[in-house]
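A.B. asks: One file is attached below, coords-v3.txt, containing compact mmCIF, C-alpha atoms.
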# COMPACT_ATOMS: atom_id res chain seq x y z
CA MET A 1 105.92 69.67 110.51
CA LYS A 2 105.76 72.04 107.53
CA ARG A 3 105.63 75.77 108.27
CA VAL A 4 102.93 77.99 106.76
CA PHE A 5 102.84 81.80 106.71
CA SER A 6 100.19 84.14 105.39
CA GLY A 7 98.98 87.64 106.11
CA ILE A 8 96.12 90.07 105.71
CA LYS A 9 96.57 93.75 104.87
CA PRO A 10 94.54 96.30 106.88
CA THR A 11 93.69 98.61 103.99
CA GLY A 12 89.94 98.12 104.23
CA HIS A 13 87.21 96.08 105.89
CA LEU A 14 87.70 92.36 105.26
CA THR A 15 85.46 90.80 102.66
CA LEU A 16 83.79 87.55 101.70
CA GLY A 17 86.59 87.21 99.16
CA ASN A 18 89.22 87.34 101.90
CA TYR A 19 87.35 84.65 103.82
CA LEU A 20 86.60 82.21 101.01
CA GLY A 21 89.88 82.85 99.24
CA ALA A 22 92.17 82.42 102.24
CA MET A 23 91.01 82.88 105.82
CA ARG A 24 88.65 79.90 106.04
CA ARG A 25 91.39 77.52 104.93
CA TRP A 26 93.74 79.00 107.51
CA SER A 27 91.42 78.03 110.36
CA ALA A 28 89.99 74.81 108.90
CA VAL A 29 93.19 73.29 107.52
CA ASP A 30 96.47 75.11 107.93
CA GLN A 31 96.54 75.67 111.68
CA HIS A 32 95.83 71.96 112.23
CA GLU A 33 98.26 70.54 109.68
CA ALA A 34 101.22 72.91 109.97
CA ASP A 35 103.30 75.12 112.21
CA ALA A 36 101.33 78.14 111.05
CA LEU A 37 101.82 81.89 111.39
CA PHE A 38 99.15 84.44 110.47
CA CYS A 39 99.98 88.11 110.42
CA VAL A 40 98.26 91.48 110.09
CA VAL A 41 100.72 93.04 107.64
CA ASP A 42 100.21 96.64 108.71
CA LEU A 43 103.47 97.93 107.19
CA HIS A 44 102.03 97.12 103.76
CA ALA A 45 99.16 99.52 104.45
CA LEU A 46 101.60 102.44 104.42
CA THR A 47 102.46 102.12 100.72
CA VAL A 48 99.65 104.51 99.74
CA ASP A 49 98.13 107.64 101.23
CA HIS A 50 96.42 106.62 104.48
CA ASP A 51 94.90 107.88 107.70
CA PRO A 52 97.01 106.67 110.67
CA GLY A 53 94.01 106.26 112.96
CA ARG A 54 92.16 104.21 110.35
CA VAL A 55 95.15 101.92 109.86
CA ARG A 56 95.22 101.25 113.61
CA ARG A 57 91.48 100.59 113.73
CA LEU A 58 91.55 98.27 110.73
CA SER A 59 94.60 96.45 112.10
CA ARG A 60 92.78 95.72 115.34
CA GLN A 61 89.65 94.72 113.44
CA ALA A 62 91.62 92.39 111.16
CA ALA A 63 93.33 90.73 114.12
CA THR A 64 89.97 90.28 115.85
CA LEU A 65 88.43 88.79 112.71
CA LEU A 66 91.33 86.36 112.31
CA LEU A 67 90.45 85.01 115.73
CA ALA A 68 86.71 85.19 115.00
CA THR A 69 87.12 83.01 111.91
CA GLY A 70 88.55 80.25 114.08
CA LEU A 71 92.28 80.76 114.46
CA ASP A 72 93.34 79.34 117.81
CA PRO A 73 96.44 80.84 119.50
CA GLN A 74 97.08 77.41 121.01
CA LEU A 75 97.44 75.97 117.50
CA CYS A 76 99.02 78.83 115.52
CA THR A 77 100.81 82.16 115.89
CA VAL A 78 98.76 85.33 115.35
CA PHE A 79 100.57 88.66 115.41
CA VAL A 80 101.02 92.11 113.87
CA GLN A 81 103.88 92.60 111.40
CA SER A 82 105.20 95.89 112.83
CA HIS A 83 105.56 94.29 116.27
CA VAL A 84 108.37 92.08 114.93
CA ASP A 85 111.40 94.11 113.81
CA GLU A 86 112.88 91.22 111.83
CA HIS A 87 110.50 91.91 108.94
CA ALA A 88 111.95 95.36 108.30
CA ARG A 89 115.51 94.20 109.04
CA LEU A 90 115.35 91.46 106.44
CA SER A 91 113.48 93.54 103.88
CA TYR A 92 116.47 95.83 103.28
CA LEU A 93 118.81 92.88 102.75
CA LEU A 94 116.44 91.45 100.15
CA GLU A 95 116.23 94.83 98.41
CA CYS A 96 119.97 94.37 97.90
CA VAL A 97 119.27 91.09 96.08
CA ALA A 98 116.10 91.90 94.10
CA THR A 99 116.25 94.04 90.97
CA ASP A 100 114.46 97.16 89.78
CA GLY A 101 113.16 95.28 86.76
CA GLU A 102 111.55 92.61 88.93
CA MET A 103 109.75 95.24 90.98
CA ARG A 104 108.42 97.12 87.98
CA ARG A 105 107.06 93.93 86.43
CA MET A 106 104.73 93.34 89.37
CA ILE A 107 101.14 93.55 88.09
CA GLN A 108 99.80 95.07 91.30
CA TYR A 109 102.43 97.80 91.20
CA LYS A 110 101.49 98.71 87.64
CA GLU A 111 97.77 98.82 88.49
CA LYS A 112 98.08 100.72 91.76
CA ALA A 113 100.68 103.16 90.46
CA ALA A 114 98.47 103.95 87.46
CA ALA A 115 95.47 104.49 89.73
CA GLU A 116 97.47 106.78 92.01
CA ARG A 117 98.73 108.85 89.09
CA ALA A 118 95.18 109.07 87.70
CA ARG A 119 94.10 110.62 91.00
CA GLY A 120 96.87 113.17 90.69
CA GLY A 121 98.90 111.70 93.53
CA SER A 122 102.54 110.74 93.73
CA VAL A 123 103.61 107.09 93.85
CA ARG A 124 105.48 106.17 97.01
CA LEU A 125 108.72 104.25 96.70
CA SER A 126 107.34 101.70 99.17
CA LEU A 127 104.63 100.76 96.65
CA LEU A 128 107.39 99.66 94.29
CA THR A 129 109.42 97.78 96.91
CA TYR A 130 106.70 96.24 99.06
CA PRO A 131 106.90 92.83 97.30
CA VAL A 132 110.39 92.58 98.83
CA LEU A 133 108.92 93.26 102.26
CA MET A 134 106.39 90.51 101.53
CA ALA A 135 109.28 88.22 100.65
CA ALA A 136 110.89 89.09 103.99
CA ASP A 137 107.63 88.30 105.78
CA ILE A 138 107.74 84.81 104.29
CA LEU A 139 111.44 84.01 104.31
CA ALA A 140 112.13 85.15 107.88
CA TYR A 141 110.27 82.11 109.21
CA GLY A 142 111.61 79.32 107.01
CA THR A 143 108.17 79.07 105.43
CA ASP A 144 107.40 75.96 103.38
CA GLU A 145 103.94 76.93 102.09
CA VAL A 146 102.16 80.24 101.49
CA PRO A 147 98.37 79.90 101.14
CA VAL A 148 97.22 82.90 99.06
CA GLY A 149 94.62 84.03 96.58
CA ASP A 150 95.37 84.00 92.87
CA ASP A 151 96.33 87.68 92.82
CA GLN A 152 99.30 87.11 95.12
CA THR A 153 100.89 84.25 93.18
CA GLN A 154 103.30 86.57 91.34
CA HIS A 155 104.62 87.91 94.65
CA VAL A 156 105.30 84.43 95.99
CA GLU A 157 107.15 83.58 92.78
CA LEU A 158 109.31 86.66 93.36
CA THR A 159 109.95 85.44 96.90
CA ARG A 160 111.13 82.10 95.52
CA ASP A 161 113.44 83.81 93.02
CA VAL A 162 114.97 86.07 95.67
CA ALA A 163 115.49 83.17 98.07
CA VAL A 164 117.24 81.07 95.41
CA ARG A 165 119.43 84.01 94.37
CA PHE A 166 120.44 84.81 97.96
CA ASN A 167 121.26 81.16 98.66
CA GLN A 168 123.38 80.90 95.51
CA ARG A 169 125.34 84.09 96.19
CA TYR A 170 125.79 83.96 99.95
CA GLY A 171 125.21 80.38 101.03
CA ARG A 172 122.06 78.47 101.89
CA THR A 173 120.08 80.62 104.29
CA PHE A 174 116.43 80.50 103.24
CA VAL A 175 113.83 77.82 102.60
CA VAL A 176 112.34 78.25 99.12
CA PRO A 177 108.55 78.34 99.70
CA ARG A 178 105.72 77.13 97.48
CA THR A 179 102.23 78.52 96.91
CA THR A 180 98.97 76.75 97.78
CA HIS A 181 95.45 77.72 96.64
CA PRO A 182 91.95 76.74 97.79
CA GLU A 183 90.09 74.41 95.44
CA VAL A 184 87.16 76.77 94.85
CA ALA A 185 86.48 80.48 95.35
CA ALA A 186 90.19 81.28 95.07
CA ARG A 187 89.23 84.65 93.67
CA VAL A 188 85.78 86.00 94.50
CA MET A 189 84.75 88.71 92.06
CA ASN A 190 82.94 92.01 92.56
CA LEU A 191 79.17 91.54 92.42
CA GLN A 192 78.71 94.64 90.27
CA ASP A 193 81.79 94.07 88.10
CA PRO A 194 82.44 90.32 87.91
CA THR A 195 85.58 90.86 85.83
CA SER A 196 87.28 92.52 88.85
CA LYS A 197 88.08 90.90 92.19
CA MET A 198 86.13 91.72 95.34
CA GLY A 199 88.74 94.06 96.84
CA LYS A 200 88.53 95.46 100.36
CA SER A 201 90.27 98.74 99.55
CA ASP A 202 88.91 99.64 96.12
CA ASP A 203 85.13 99.63 96.46
CA VAL A 204 82.67 100.81 99.09
CA GLY A 205 79.63 100.12 96.93
CA PRO A 206 77.16 97.27 96.51
CA GLY A 207 79.65 95.00 94.76
CA VAL A 208 81.50 93.98 97.94
CA VAL A 209 80.20 91.79 100.78
CA TYR A 210 82.04 92.58 104.00
CA LEU A 211 82.45 90.03 106.78
CA LEU A 212 80.67 92.35 109.21
CA ASP A 213 77.77 93.27 106.90
CA GLU A 214 74.33 92.82 108.45
CA PRO A 215 72.38 89.84 107.00
CA GLU A 216 69.91 92.06 105.19
CA ALA A 217 72.73 94.02 103.57
CA VAL A 218 74.29 90.75 102.40
CA ARG A 219 71.01 89.60 100.87
CA LYS A 220 70.44 92.93 99.14
CA LYS A 221 73.93 93.01 97.60
CA ILE A 222 73.70 89.46 96.27
CA MET A 223 70.15 89.80 94.97
CA ARG A 224 71.29 92.90 93.05
CA ALA A 225 74.39 91.21 91.65
CA VAL A 226 75.08 91.71 87.95
CA THR A 227 74.41 88.58 85.91
CA ASP A 228 74.76 88.04 82.16
CA SER A 229 72.80 88.19 78.93
CA GLY A 230 70.62 85.16 78.42
CA SER A 231 68.93 83.16 81.15
CA GLU A 232 70.70 79.81 81.22
CA VAL A 233 72.65 79.09 84.42
CA VAL A 234 76.08 78.02 83.15
CA HIS A 235 79.51 78.04 84.79
CA ASP A 236 81.77 79.76 82.26
CA ARG A 237 84.05 82.48 83.60
CA GLU A 238 84.80 83.93 80.18
CA ALA A 239 81.33 83.98 78.64
CA ARG A 240 79.22 84.23 81.82
CA PRO A 241 81.33 85.96 84.50
CA GLY A 242 78.39 87.17 86.59
CA VAL A 243 76.57 83.89 87.04
CA SER A 244 79.87 82.02 87.31
CA ASN A 245 80.87 84.24 90.24
CA LEU A 246 77.61 83.44 92.04
CA LEU A 247 78.06 79.73 91.41
CA GLU A 248 81.60 79.85 92.77
CA ILE A 249 80.51 81.77 95.86
CA LEU A 250 77.76 79.23 96.52
CA ALA A 251 80.18 76.36 95.96
CA GLY A 252 82.69 78.01 98.28
CA CYS A 253 80.06 78.34 101.01
CA GLU A 254 78.69 74.83 100.73
CA GLY A 255 81.71 72.88 99.54
CA GLY A 256 80.19 71.93 96.19
CA ASN A 257 81.35 72.17 92.59
CA PRO A 258 80.30 75.19 90.47
CA ASN A 259 79.72 73.06 87.37
CA ASP A 260 77.50 70.64 89.26
CA LEU A 261 75.56 73.47 90.89
CA ALA A 262 74.86 75.05 87.50
CA GLY A 263 72.68 72.06 86.63
CA VAL A 264 70.55 72.56 89.72
CA TYR A 265 69.23 76.03 88.87
CA GLU A 266 66.89 77.14 86.10
CA THR A 267 66.79 80.85 86.92
CA TYR A 268 69.20 83.50 88.09
CA GLY A 269 66.75 84.53 90.80
CA SER A 270 66.74 81.17 92.55
CA LEU A 271 70.53 80.99 92.34
CA LYS A 272 70.84 84.46 93.88
CA LYS A 273 68.43 83.63 96.69
CA ASP A 274 70.26 80.44 97.67
CA THR A 275 73.65 82.12 97.38
CA ALA A 276 72.52 84.97 99.62
CA GLU A 277 71.24 82.61 102.31
CA ALA A 278 74.40 80.49 102.12
CA VAL A 279 76.58 83.57 102.65
CA VAL A 280 74.45 84.81 105.56
CA GLU A 281 74.75 81.44 107.30
CA LEU A 282 78.47 81.24 106.58
CA LEU A 283 79.10 84.63 108.19
CA ARG A 284 76.75 84.23 111.15
CA PRO A 285 79.17 82.42 113.53
CA VAL A 286 82.06 84.69 112.49
CA GLN A 287 80.04 87.79 113.33
CA GLN A 288 78.91 86.35 116.66
CA ARG A 289 82.46 85.47 117.69
CA HIS A 290 83.68 88.89 116.56
CA LYS A 291 81.10 90.52 118.82
CA GLU A 292 82.31 88.44 121.77
CA LEU A 293 85.97 89.29 121.12
CA CYS A 294 85.23 93.01 120.83
CA ALA A 295 83.80 92.82 124.34
CA ASP A 296 87.16 91.45 125.59
CA PRO A 297 89.89 93.62 124.00
CA ALA A 298 92.44 92.59 126.63
CA TYR A 299 92.27 89.02 125.33
CA VAL A 300 93.00 90.12 121.75
CA GLU A 301 95.88 92.33 122.91
CA GLY A 302 97.33 89.43 124.89
CA VAL A 303 97.14 87.12 121.87
CA LEU A 304 98.96 89.66 119.70
CA ARG A 305 101.63 90.32 122.32
CA GLU A 306 102.37 86.64 122.86
CA GLY A 307 102.20 86.00 119.12
CA ALA A 308 104.78 88.70 118.42
CA GLU A 309 107.12 87.29 121.08
CA LYS A 310 106.85 83.83 119.58
CA ALA A 311 107.30 85.11 116.01
CA ARG A 312 110.35 87.14 117.04
CA GLU A 313 111.99 84.08 118.54
CA MET A 314 111.39 82.14 115.32
CA ALA A 315 112.57 84.86 112.94
CA ARG A 316 115.61 86.31 114.67
CA PRO A 317 118.07 83.41 114.20
CA ARG A 318 117.45 83.23 110.45
CA VAL A 319 117.58 86.99 109.96
CA ASP A 320 120.80 87.17 111.98
CA ALA A 321 122.21 84.40 109.79
CA ALA A 322 121.29 86.39 106.66
CA TYR A 323 123.11 89.44 108.04
CA ARG A 324 126.23 87.38 108.57
CA ALA A 325 125.96 85.66 105.19
CA ILE A 326 125.66 88.88 103.22
CA GLY A 327 128.78 90.32 104.85
CA LEU A 328 127.68 92.46 107.81
CA LEU A 329 129.60 92.48 111.07
CA PRO A 330 127.73 90.85 113.97
CA ALA A 331 126.58 93.16 116.74
CA GLY A 332 128.72 93.15 119.87
Translate this structure into structure tokens?
C.D. replies:
Amino acid sequence: MKRVFSGIKPTGHLTLGNYLGAMRRWSAVDQHEADALFCVVDLHALTVDHDPGRVRRLSRQAATLLLATGLDPQLCTVFVQSHVDEHARLSYLLECVATDGEMRRMIQYKEKAAAERARGGSVRLSLLTYPVLMAADILAYGTDEVPVGDDQTQHVELTRDVAVRFNQRYGRTFVVPRTTHPEVAARVMNLQDPTSKMGKSDDVGPGVVYLLDEPEAVRKKIMRAVTDSGSEVVHDREARPGVSNLLEILAGCEGGNPNDLAGVYETYGSLKKDTAEAVVELLRPVQQRHKELCADPAYVEGVLREGAEKAREMARPRVDAAYRAIGLLPAG
């Protein structure tokens, strides 16, 4: 059975984009068809200025939402990254294989570093090197497939390059993974700025639908979504980014095709109304299950504890093998 790994970063409240772009596939497809691991990658949240208490709260919330969206601990492994030491152990070895040039070419590093400097802050070294930690997350488990949104494709390509380079220099140690994407809604865009993705950490305004938003808040945000000049409902990301985003969200909710849906609607208003109701219904069972899980925190803690134990057992042999391959003495 192929092995799948993916993670979610607790840097903000999870969004509709996280769900349609990745999480729904994890529960509907990946956990049933693969030996799947899903991780709250909390170490990645430390790459920028952060509040420790908020990181803990968001990590717990993310883990709870992973379960609320349908991940079953009997079918997959759900855990928190920092609970498994092998991630950090392997990350340093891969830093010794990756290059400075590769890190500085990462688009997310360029964007986030520029934003940090614009705020007058200093850029942490971990922001530059965290793609290597992401590579360690993936490679530690012999991952075959990494289901991610479009914005993470570059990082998975780096992971492939580092794995190939390590294998060539030190002997075959790692599986070289491949990326998979959902068919639609791979990248949900901000409702107020449809040229930018719906990010959980960059916007607290009306452009982002959060998984735990009340139904009325969801409706209000979608009904106020920015559309485009003209009135024709057409799916064209370049010329009509606003209406195209709505069509892709609706298609993602209902399993349709954005181009086909465009022919159904004559006005932006009717499209917005149907999209809003589709999102509300999509999120309803997730929110109900989240409420139930919050009432039973011991269950969530038990899932994470058992998941970390299982993940540790899977990762340790390969990480130990990498230590030996690269030239380090085995521990006594």
A.B. asks: Measuring atom to atom with only C-alpha atoms, identify which of A:Arg237, A:Lys310, A:Arg3, A:His32 is nearest to A:Val146.
C.D. replies: A:Arg3
A.B. asks: I'd like the interatomic distance between atom CA of A:Val303 and atom CA of A:Met23, to a tenth of an Å.
C.D. replies: 17.7 Å
A.B. asks: For A:Leu158, please output as an NGL selection string all residues within 9 Å (counting all atoms listed in the file; exclusion window: fewer than 2 positions along the same chain).
C.D. replies: :A and (98 or 102-103 or 131-132 or 135 or 153-156 or 160-163)
A.B. asks: Tell me, in Å to one decimal, how far atom CA of A:Val319 is from atom CA of A:Val48.
C.D. replies: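 So the answer is 27.1 Å.
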A.B. asks: Name the residues in contact with A:Ala322 at a cut-off of 9 Å, using all atoms listed in the file, excluding same-chain residues fewer than 3 positions from it; report them as a PyMOL selection string.
C.D. replies: chain A and resi 90+93+166+170+173-174+317-319+325-328
A.B. asks: Output C-alpha atoms for every residue in the selection just made, as a CSV table (one decimal), keeping the file's coordinate frame.
C.D. replies:
chain,number,residue,atom,x,y,z
A,90,LEU,CA,115.4,91.5,106.4
A,93,LEU,CA,118.8,92.9,102.8
A,166,PHE,CA,120.4,84.8,98.0
A,170,TYR,CA,125.8,84.0,100.0
A,173,THR,CA,120.1,80.6,104.3
A,174,PHE,CA,116.4,80.5,103.2
A,317,PRO,CA,118.1,83.4,114.2
A,318,ARG,CA,117.4,83.2,110.4
A,319,VAL,CA,117.6,87.0,110.0
A,325,ALA,CA,126.0,85.7,105.2
A,326,ILE,CA,125.7,88.9,103.2
A,327,GLY,CA,128.8,90.3,104.8
A,328,LEU,CA,127.7,92.5,107.8
A.B. asks: I'd like the neighbourhood of A:Gly70 as a ChimeraX atom specification, where a residue qualifies if any of its atoms comes within 12 Å (using only C-alpha atoms), though same-chain residues fewer than 6 positions away should be ignored.
C.D. replies: /A:19,23-32,38,63-64,76,78,283,285-290,293
A.B. asks: Please complete stretch 138-149 of chain A with all heavy atoms and give it back as an mmCIF file, keeping the file's coordinate frame.
C.D. replies:
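Result went into out00.cif, see below:
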data_model
loop_
_atom_site.group_PDB
_atom_site.id
_atom_site.type_symbol
_atom_site.label_atom_id
_atom_site.label_comp_id
_atom_site.auth_asym_id
_atom_site.auth_seq_id
_atom_site.Cartn_x
_atom_site.Cartn_y
_atom_site.Cartn_z
ATOM 1 N N ILE A 138 107.796 86.253 104.523
ATOM 2 C CA ILE A 138 107.740 84.810 104.290
ATOM 3 C C ILE A 138 109.049 84.121 104.656
ATOM 4 O O ILE A 138 109.070 83.111 105.366
ATOM 5 C CB ILE A 138 107.380 84.542 102.816
ATOM 6 C CG1 ILE A 138 105.977 85.082 102.496
ATOM 7 C CG2 ILE A 138 107.482 83.053 102.493
ATOM 8 C CD1 ILE A 138 105.689 85.173 101.002
ATOM 9 N N LEU A 139 110.151 84.687 104.190
ATOM 10 C CA LEU A 139 111.440 84.010 104.310
ATOM 11 C C LEU A 139 111.993 84.052 105.734
ATOM 12 O O LEU A 139 112.784 83.186 106.116
ATOM 13 C CB LEU A 139 112.459 84.625 103.345
ATOM 14 C CG LEU A 139 112.106 84.488 101.854
ATOM 15 C CD1 LEU A 139 113.169 85.164 101.003
ATOM 16 C CD2 LEU A 139 111.952 83.016 101.464
ATOM 17 N N ALA A 140 111.600 85.030 106.516
ATOM 18 C CA ALA A 140 112.130 85.150 107.880
ATOM 19 C C ALA A 140 111.797 83.930 108.732
ATOM 20 O O ALA A 140 112.508 83.644 109.708
ATOM 21 C CB ALA A 140 111.576 86.407 108.549
ATOM 22 N N TYR A 141 110.752 83.202 108.358
ATOM 23 C CA TYR A 141 110.270 82.110 109.210
ATOM 24 C C TYR A 141 110.583 80.718 108.660
ATOM 25 O O TYR A 141 110.110 79.723 109.201
ATOM 26 C CB TYR A 141 108.762 82.270 109.429
ATOM 27 C CG TYR A 141 108.444 83.556 110.157
ATOM 28 C CD1 TYR A 141 108.021 84.675 109.479
ATOM 29 C CD2 TYR A 141 108.628 83.653 111.535
ATOM 30 C CE1 TYR A 141 107.763 85.867 110.143
ATOM 31 C CE2 TYR A 141 108.386 84.833 112.210
ATOM 32 C CZ TYR A 141 107.953 85.933 111.510
ATOM 33 O OH TYR A 141 107.717 87.113 112.177
ATOM 34 N N GLY A 142 111.351 80.638 107.590
ATOM 35 C CA GLY A 142 111.610 79.320 107.010
ATOM 36 C C GLY A 142 110.336 78.688 106.492
ATOM 37 O O GLY A 142 110.126 77.475 106.611
ATOM 38 N N THR A 143 109.487 79.504 105.884
ATOM 39 C CA THR A 143 108.170 79.070 105.430
ATOM 40 C C THR A 143 108.269 78.043 104.309
ATOM 41 O O THR A 143 109.012 78.231 103.349
ATOM 42 C CB THR A 143 107.359 80.289 104.946
ATOM 43 O OG1 THR A 143 107.270 81.245 106.011
ATOM 44 C CG2 THR A 143 105.975 79.890 104.496
ATOM 45 N N ASP A 144 107.487 76.978 104.434
ATOM 46 C CA ASP A 144 107.400 75.960 103.380
ATOM 47 C C ASP A 144 106.273 76.257 102.404
ATOM 48 O O ASP A 144 106.425 76.066 101.194
ATOM 49 C CB ASP A 144 107.169 74.579 103.990
ATOM 50 C CG ASP A 144 108.306 74.144 104.888
ATOM 51 O OD1 ASP A 144 109.427 73.996 104.383
ATOM 52 O OD2 ASP A 144 108.075 73.969 106.108
ATOM 53 N N GLU A 145 105.114 76.696 102.920
ATOM 54 C CA GLU A 145 103.940 76.930 102.090
ATOM 55 C C GLU A 145 103.319 78.277 102.403
ATOM 56 O O GLU A 145 103.262 78.693 103.561
ATOM 57 C CB GLU A 145 102.882 75.831 102.297
ATOM 58 C CG GLU A 145 103.305 74.465 101.801
ATOM 59 C CD GLU A 145 102.189 73.436 101.916
ATOM 60 O OE1 GLU A 145 101.084 73.798 102.391
ATOM 61 O OE2 GLU A 145 102.417 72.274 101.540
ATOM 62 N N VAL A 146 102.825 78.942 101.338
ATOM 63 C CA VAL A 146 102.160 80.240 101.490
ATOM 64 C C VAL A 146 100.767 80.120 100.879
ATOM 65 O O VAL A 146 100.625 80.129 99.645
ATOM 66 C CB VAL A 146 102.948 81.360 100.784
ATOM 67 C CG1 VAL A 146 102.330 82.720 101.111
ATOM 68 C CG2 VAL A 146 104.415 81.326 101.182
ATOM 69 N N PRO A 147 99.728 79.972 101.683
ATOM 70 C CA PRO A 147 98.370 79.900 101.140
ATOM 71 C C PRO A 147 97.859 81.297 100.795
ATOM 72 O O PRO A 147 97.702 82.150 101.664
ATOM 73 C CB PRO A 147 97.562 79.285 102.288
ATOM 74 C CG PRO A 147 98.313 79.663 103.526
ATOM 75 C CD PRO A 147 99.756 79.779 103.139
ATOM 76 N N VAL A 148 97.629 81.565 99.514
ATOM 77 C CA VAL A 148 97.220 82.900 99.060
ATOM 78 C C VAL A 148 96.162 82.798 97.983
ATOM 79 O O VAL A 148 95.949 81.750 97.387
ATOM 80 C CB VAL A 148 98.424 83.695 98.502
ATOM 81 C CG1 VAL A 148 99.433 84.012 99.583
ATOM 82 C CG2 VAL A 148 99.087 82.934 97.352
ATOM 83 N N GLY A 149 95.515 83.927 97.718
ATOM 84 C CA GLY A 149 94.620 84.030 96.580
ATOM 85 C C GLY A 149 95.415 84.139 95.297
ATOM 86 O O GLY A 149 96.624 84.392 95.300
#
